[in-house]
>>> print(open('run-v4.txt').read())   # compact mmCIF, C-alpha atoms
# COMPACT_ATOMS: atom_id res chain seq x y z
CA MET A 1 111.90 142.47 138.88
CA THR A 2 111.14 138.99 140.07
CA ALA A 3 113.53 136.80 142.00
CA ALA A 4 112.85 133.80 139.73
CA THR A 5 115.98 132.46 138.12
CA ASN A 6 116.85 129.99 135.40
CA GLY A 7 120.33 129.31 136.74
CA THR A 8 122.06 132.03 134.74
CA ARG A 9 119.86 135.12 134.68
CA ARG A 10 116.93 136.53 136.59
CA ALA A 11 113.47 136.72 135.01
CA ASP A 12 112.46 140.29 134.25
CA ARG A 13 108.90 139.48 135.32
CA ARG A 14 106.47 136.60 135.85
CA GLN A 15 102.82 136.32 134.90
CA THR A 16 100.06 133.79 135.63
CA VAL A 17 97.48 133.05 132.92
CA THR A 18 94.32 130.98 133.35
CA THR A 19 93.82 128.34 130.62
CA ASP A 20 91.31 125.53 130.06
CA ALA A 21 93.93 123.10 131.43
CA GLY A 22 94.66 125.18 134.54
CA GLU A 23 96.97 128.02 135.43
CA ALA A 24 100.08 128.64 133.34
CA ARG A 25 103.09 130.59 134.58
CA ILE A 26 104.99 132.76 132.13
CA SER A 27 108.52 133.98 132.86
CA TRP A 28 109.64 136.87 130.69
CA TRP A 29 113.31 137.48 129.90
CA GLU A 30 113.48 140.67 127.85
CA ALA A 31 116.42 141.34 125.57
CA ARG A 32 117.79 144.74 124.77
CA ARG A 33 116.43 145.89 121.40
CA ALA A 34 114.10 142.87 121.07
CA ARG A 35 112.53 142.31 117.65
CA THR A 36 110.36 139.26 118.29
CA VAL A 37 108.98 136.97 120.99
CA LEU A 38 109.97 133.31 121.33
CA ALA A 39 107.60 131.24 123.47
CA LEU A 40 108.84 127.90 124.82
CA GLY A 41 107.18 125.43 127.13
CA HIS A 42 108.56 122.71 129.35
CA GLY A 43 106.13 120.07 128.07
CA ALA A 44 105.17 117.29 130.45
CA GLY A 45 107.85 117.92 133.05
CA GLY A 46 111.08 119.53 134.06
CA GLY A 47 109.67 122.94 134.85
CA ILE A 48 111.44 126.18 134.15
CA GLU A 49 114.70 124.66 135.41
CA ALA A 50 114.80 122.12 132.54
CA ARG A 51 118.30 121.93 131.01
CA ASP A 52 117.15 122.75 127.48
CA LEU A 53 115.29 125.89 128.58
CA ALA A 54 118.17 127.03 130.81
CA ALA A 55 120.64 126.56 127.93
CA LEU A 56 118.47 128.58 125.55
CA ALA A 57 117.96 131.35 128.10
CA ALA A 58 121.73 131.56 128.63
CA ALA A 59 122.51 131.67 124.90
CA LEU A 60 119.82 134.06 123.71
CA PRO A 61 120.30 137.83 124.05
>>> encode(input="run-v4.txt", output="structure tokens")
Amino acid sequence: MTAATNGTRRADRRQTVTTDAGEARISWWEARRARTVLALGHGAGGGIEARDLAALAAALP
């Protein structure tokens, strides 16, 4: 497990992906009995600590 945190839970793992615009970091929070994947980005700023992303991570299983 990775020590990255969103303020409420720890990321299960992190991954770096090379894109045309540069490197992208992916933080995976895996739910028990997951049925789908929801991918969210922080847009132009705020990073992984952005309030909207932290609120979603806290509310989702």
>>> atom_distance(input="run-v4.txt", atom1="CA of His42 in chain A", atom2="CA of Ala55 in chain A")
12.8 Å
>>> atom_distance(input="run-v4.txt", atom1="CA of Ala57 in chain A", atom2="CA of Leu40 in chain A")
10.3 Å
>>> residues_around(input="run-v4.txt", residues="Gln15 in chain A", least_positions_apart="2", cutoff="8 Å", atoms="only C-alpha atoms", output="ChimeraX atom specification")
/A:13,17,25-27
>>> atom_distance(input="run-v4.txt", atom1="CA of Gly41 in chain A", atom2="CA of Thr18 in chain A")
15.3 Å
>>> decode(input="run-v4.txt", residues="range 14-39 of chain A", atoms="N, CA and C atoms", output="mmCIF file, in the first residue's frame")
data_model
loop_
_atom_site.group_PDB
_atom_site.id
_atom_site.type_symbol
_atom_site.label_atom_id
_atom_site.label_comp_id
_atom_site.auth_asym_id
_atom_site.auth_seq_id
_atom_site.Cartn_x
_atom_site.Cartn_y
_atom_site.Cartn_z
ATOM 1 N N ARG A 14 -0.623 3.628 -6.168
ATOM 2 C CA ARG A 14 -0.459 4.765 -7.084
ATOM 3 C C ARG A 14 0.259 4.280 -8.323
ATOM 4 N N GLN A 15 -0.012 4.951 -9.436
ATOM 5 C CA GLN A 15 0.547 4.568 -10.728
ATOM 6 C C GLN A 15 0.857 5.840 -11.507
ATOM 7 N N THR A 16 1.957 5.821 -12.267
ATOM 8 C CA THR A 16 2.304 6.942 -13.143
ATOM 9 C C THR A 16 2.159 6.483 -14.584
ATOM 10 N N VAL A 17 1.475 7.294 -15.393
ATOM 11 C CA VAL A 17 1.219 6.969 -16.796
ATOM 12 C C VAL A 17 1.738 8.115 -17.657
ATOM 13 N N THR A 18 2.471 7.795 -18.710
ATOM 14 C CA THR A 18 2.970 8.811 -19.631
ATOM 15 C C THR A 18 1.894 9.129 -20.659
ATOM 16 N N THR A 19 1.587 10.434 -20.828
ATOM 17 C CA THR A 19 0.609 10.880 -21.820
ATOM 18 C C THR A 19 1.274 11.902 -22.736
ATOM 19 N N ASP A 20 0.583 12.303 -23.793
ATOM 20 C CA ASP A 20 1.101 13.329 -24.700
ATOM 21 C C ASP A 20 1.331 14.659 -23.977
ATOM 22 N N ALA A 21 0.561 14.917 -22.917
ATOM 23 C CA ALA A 21 0.678 16.173 -22.174
ATOM 24 C C ALA A 21 1.669 16.082 -21.014
ATOM 25 N N GLY A 22 2.252 14.930 -20.805
ATOM 26 C CA GLY A 22 3.189 14.736 -19.691
ATOM 27 C C GLY A 22 2.782 13.542 -18.855
ATOM 28 N N GLU A 23 3.390 13.426 -17.681
ATOM 29 C CA GLU A 23 3.076 12.299 -16.815
ATOM 30 C C GLU A 23 1.809 12.563 -16.005
ATOM 31 N N ALA A 24 0.996 11.528 -15.878
ATOM 32 C CA ALA A 24 -0.220 11.596 -15.070
ATOM 33 C C ALA A 24 -0.072 10.617 -13.916
ATOM 34 N N ARG A 25 -0.494 11.036 -12.737
ATOM 35 C CA ARG A 25 -0.475 10.154 -11.575
ATOM 36 C C ARG A 25 -1.885 9.659 -11.313
ATOM 37 N N ILE A 26 -2.013 8.371 -11.101
ATOM 38 C CA ILE A 26 -3.304 7.757 -10.798
ATOM 39 C C ILE A 26 -3.231 7.212 -9.382
ATOM 40 N N SER A 27 -4.215 7.554 -8.563
ATOM 41 C CA SER A 27 -4.340 6.990 -7.216
ATOM 42 C C SER A 27 -5.567 6.091 -7.226
ATOM 43 N N TRP A 28 -5.381 4.860 -6.840
ATOM 44 C CA TRP A 28 -6.458 3.874 -6.853
ATOM 45 C C TRP A 28 -6.976 3.650 -5.440
ATOM 46 N N TRP A 29 -8.263 3.822 -5.231
ATOM 47 C CA TRP A 29 -8.932 3.446 -3.992
ATOM 48 C C TRP A 29 -9.896 2.334 -4.371
ATOM 49 N N GLU A 30 -9.608 1.135 -3.931
ATOM 50 C CA GLU A 30 -10.422 -0.018 -4.332
ATOM 51 C C GLU A 30 -11.461 -0.334 -3.262
ATOM 52 N N ALA A 31 -12.692 -0.493 -3.718
ATOM 53 C CA ALA A 31 -13.795 -0.823 -2.819
ATOM 54 C C ALA A 31 -13.938 -2.336 -2.722
ATOM 55 N N ARG A 32 -14.464 -2.767 -1.593
ATOM 56 C CA ARG A 32 -14.806 -4.186 -1.492
ATOM 57 C C ARG A 32 -15.926 -4.471 -2.480
ATOM 58 N N ARG A 33 -15.842 -5.583 -3.165
ATOM 59 C CA ARG A 33 -16.868 -6.017 -4.122
ATOM 60 C C ARG A 33 -17.159 -4.949 -5.180
ATOM 61 N N ALA A 34 -16.130 -4.354 -5.735
ATOM 62 C CA ALA A 34 -16.300 -3.312 -6.763
ATOM 63 C C ALA A 34 -16.952 -3.885 -8.015
ATOM 64 N N ARG A 35 -17.806 -3.075 -8.648
ATOM 65 C CA ARG A 35 -18.485 -3.488 -9.874
ATOM 66 C C ARG A 35 -18.100 -2.631 -11.069
ATOM 67 N N THR A 36 -17.498 -1.487 -10.835
ATOM 68 C CA THR A 36 -17.163 -0.571 -11.915
ATOM 69 C C THR A 36 -15.985 0.308 -11.495
ATOM 70 N N VAL A 37 -15.481 1.091 -12.434
ATOM 71 C CA VAL A 37 -14.396 2.028 -12.148
ATOM 72 C C VAL A 37 -14.894 3.431 -12.451
ATOM 73 N N LEU A 38 -14.667 4.356 -11.533
ATOM 74 C CA LEU A 38 -15.009 5.763 -11.719
ATOM 75 C C LEU A 38 -13.701 6.534 -11.769
ATOM 76 N N ALA A 39 -13.441 7.194 -12.878
ATOM 77 C CA ALA A 39 -12.197 7.961 -13.036
ATOM 78 C C ALA A 39 -12.512 9.449 -12.948
#
